[in-house]
Each structure stands twice: as C-alpha cells, then as structure tokens.
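Trainee: Pasting a structure here, questions to come.
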Amino acid sequence: MILVGPAARRNLAAAIIILFLFIIISSIRPVKIVRDRDGSFIVWLWAWQECRVKFINSVTHHPVDMSFKAPWSFSGFSAKTDPGTEEYYTSGSYAWNDRLGKEHTRSLNYCSEVGIDIILGGRFFHEAGGCITLTLLWPPGFQ
C-alpha cells in the first residue's frame with residue numbers, strides 16, 4: 001500500500017527533518033578546554049575536523065607536531081618529529097606512529113613550561129608555564 005496525500009507528505013517531511021537533525025547532532029563534537037590560568041570553556045568541532053598539538057621537546061629541543069581527530073574519541077594520532085626525538089619517546093623499541101595510530105581516549109592533558117600550541121578546528125590555543133586539558137563531551141560512552 002502506498003500512502004499519498006497531505007498526511008503522507010507531512011510524514012515524509014518530518015522524517016527527512018528528523019534524519020537531518022540526527023546527522024547534525026551525531027557530527028557535533030563539544031570539547032571542554034580547561035586551562036590553568038583561564039578556567040574552562042567549550043569548543044565546538046565537527047567529527048571530521050583535524051586537531052593538532054605542536055611543541056618543542058624540552059630535552060632534544062626539536063619540534064613535535066601531532067595530529068588527531070575526534071570521530072568517537074580522540075584518535076587517529078600521528079606525529080612528525082626528527083628521529084632523535086622519536087628515539088627519546090620510544091627508546092627505539094617500537095614505531096611511534098604505529099602505536100599512536102591505535103590510541104584512543106576521551107581526555108588529553110598537556111603541560112609545558114616552554115609552550116605548547118593546540119589547534120582544534122580553526123581555534124588556536126597556546127599554553128606556557130601550565131597545563132591544558134581537552135575532554136571530549138560527545139558522543140558519550142565510547143572509550
């Protein structure tokens with residue numbers, strides 16, 4: 001049986017609107033930012049936006065550039081740095097990006113005396129002499 005008429009069109013329009021809203025809501029990623037000096041606030045991202053953390057390693061004095069995404073958790077990590085700095089982090093016992101690519105978490109905490117830059121979508125944050133914590137608030141329950 002095929003339904004036609006105004007009621008069927010209204011039901012179809014309602015279903016399309018509900019589907020559209022579901023897609024939008026399931027793609028939003030609120031991230032709570034907590035900074036030592038500036039308190040806390042929320043940044044809104046899309047699930048597919050790239051996030052980055054950049055800093056200078058305090059021992060090797062070389063830059064580290066890490067990227068990740070937030071589809072269900074903070075995941076898809078990869079890092080770019082020089083071989084000596086990678087050796088510092090891994091003691092040469094494993095391939096850093098292979099291990100980082102398997103990580104997923106709902107919270108990240110970075111501390112730096114020298115300075116750390118965090119880019120979430122198009123937003124830029126710099127922290128020096130303190131810590132910054134990122135917590136993914138949505139979707140709930142995934143770890």
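Naming scheme: A, B, ... for chains in displayed order of the structure tokens; residues 1 onward per chain; ligands 1 onward as shown.
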Would you mind listing what lies within 8 Å of Ile33 in chain A as JSON, numbers by chain, with only C-alpha atoms counted and same-chain residues fewer than 5 positions away left out?
Mentor: {"A": [40, 41, 42, 43, 132, 133, 134, 135]}
Trainee: DSSP says helix (DSSP H, G or I) for which residues of chain A? Put them as a PyMOL selection string?
Mentor: chain A and resi 6-27+83-90+96-100
Trainee: Name the residues in contact with range 59-62 of chain A at a cut-off of 8 Å, using only C-alpha atoms, excluding same-chain residues fewer than 5 positions from it; report them as a PyMOL selection string.
Mentor: chain A and resi 81-82+84-85+88
Trainee: List the spatial neighbours of range 117-120 of chain A as a list in words - criterion: any atom at most 7 Å away, only C-alpha atoms, same-chain residues fewer than 5 positions off excluded.
Mentor: Glu50, Cys51, Arg52, Val53, Lys54, Phe55, Phe125, His126 and Glu127 of chain A
Trainee: Check the smallest atom-to-atom distance from each of A:Glu113, A:Gly101, A:Lys80, A:Pro139 to Ser58 in chain A using only C-alpha atoms, then report the winner.
Mentor: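 Among the listed residues, the smallest separation from Ser58 in chain A belongs to A:Glu113.
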Trainee: Can you tell me, as a list in words, what residues are no more than 10 Å from Arg106 in chain A when counting only C-alpha atoms, ignoring any on the same chain fewer than 4 positions away?
Mentor: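 Near neighbours after the sequence-gap exclusion: Val31, Ala70, Trp72, Ser73, Phe74, Ser75, Leu134, Thr135, Leu136, Leu137, Trp138, Pro139, Pro140, Gly141, Phe142 and Gln143 of chain A.
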Trainee: Skip Glu86 in chain A itself and residues of its chain fewer than 5 positions away, then list as a list in words all residues within 10 Å of it, counting only C-alpha atoms.
Mentor: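 Once the adjacent positions are removed, what remains is Thr60, Val64, Ala79, Lys80, Thr81, Ser91, Gly92, Tyr94, Ala95, Trp96 and Asn97 of chain A.
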Trainee: Write a file of the selected residues as a tab-separated table (two decimals), in the first residue's frame, keeping C-alpha atoms.
Mentor:
```
chain	number	residue	atom	x	y	z
A	60	THR	CA	66.01	17.28	22.34
A	64	VAL	CA	56.95	17.73	17.65
A	79	ALA	CA	53.38	12.55	14.99
A	80	LYS	CA	56.07	14.27	12.97
A	81	THR	CA	59.45	14.90	14.53
A	91	SER	CA	63.73	4.13	23.32
A	92	GLY	CA	63.83	2.66	19.83
A	94	TYR	CA	58.63	0.42	18.63
A	95	ALA	CA	57.46	2.53	15.71
A	96	TRP	CA	55.90	5.61	17.30
A	97	ASN	CA	53.21	6.30	14.67
```
Trainee: Ranking A:Tyr89, A:Trp44, A:Cys131, A:Pro6 by minimum distance to Asn57 in chain A and counting only C-alpha atoms, which one comes first?
Mentor: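 Among the listed residues, the smallest separation from Asn57 in chain A belongs to A:Tyr89.
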Trainee: Quick check, in Å to one decimal: how far apart do CA of Met66 in chain A and CA of Lys102 in chain A lie?
Mentor: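 Computing the Euclidean distance for CA of Met66 in chain A and CA of Lys102 in chain A yields 14.0 Å.
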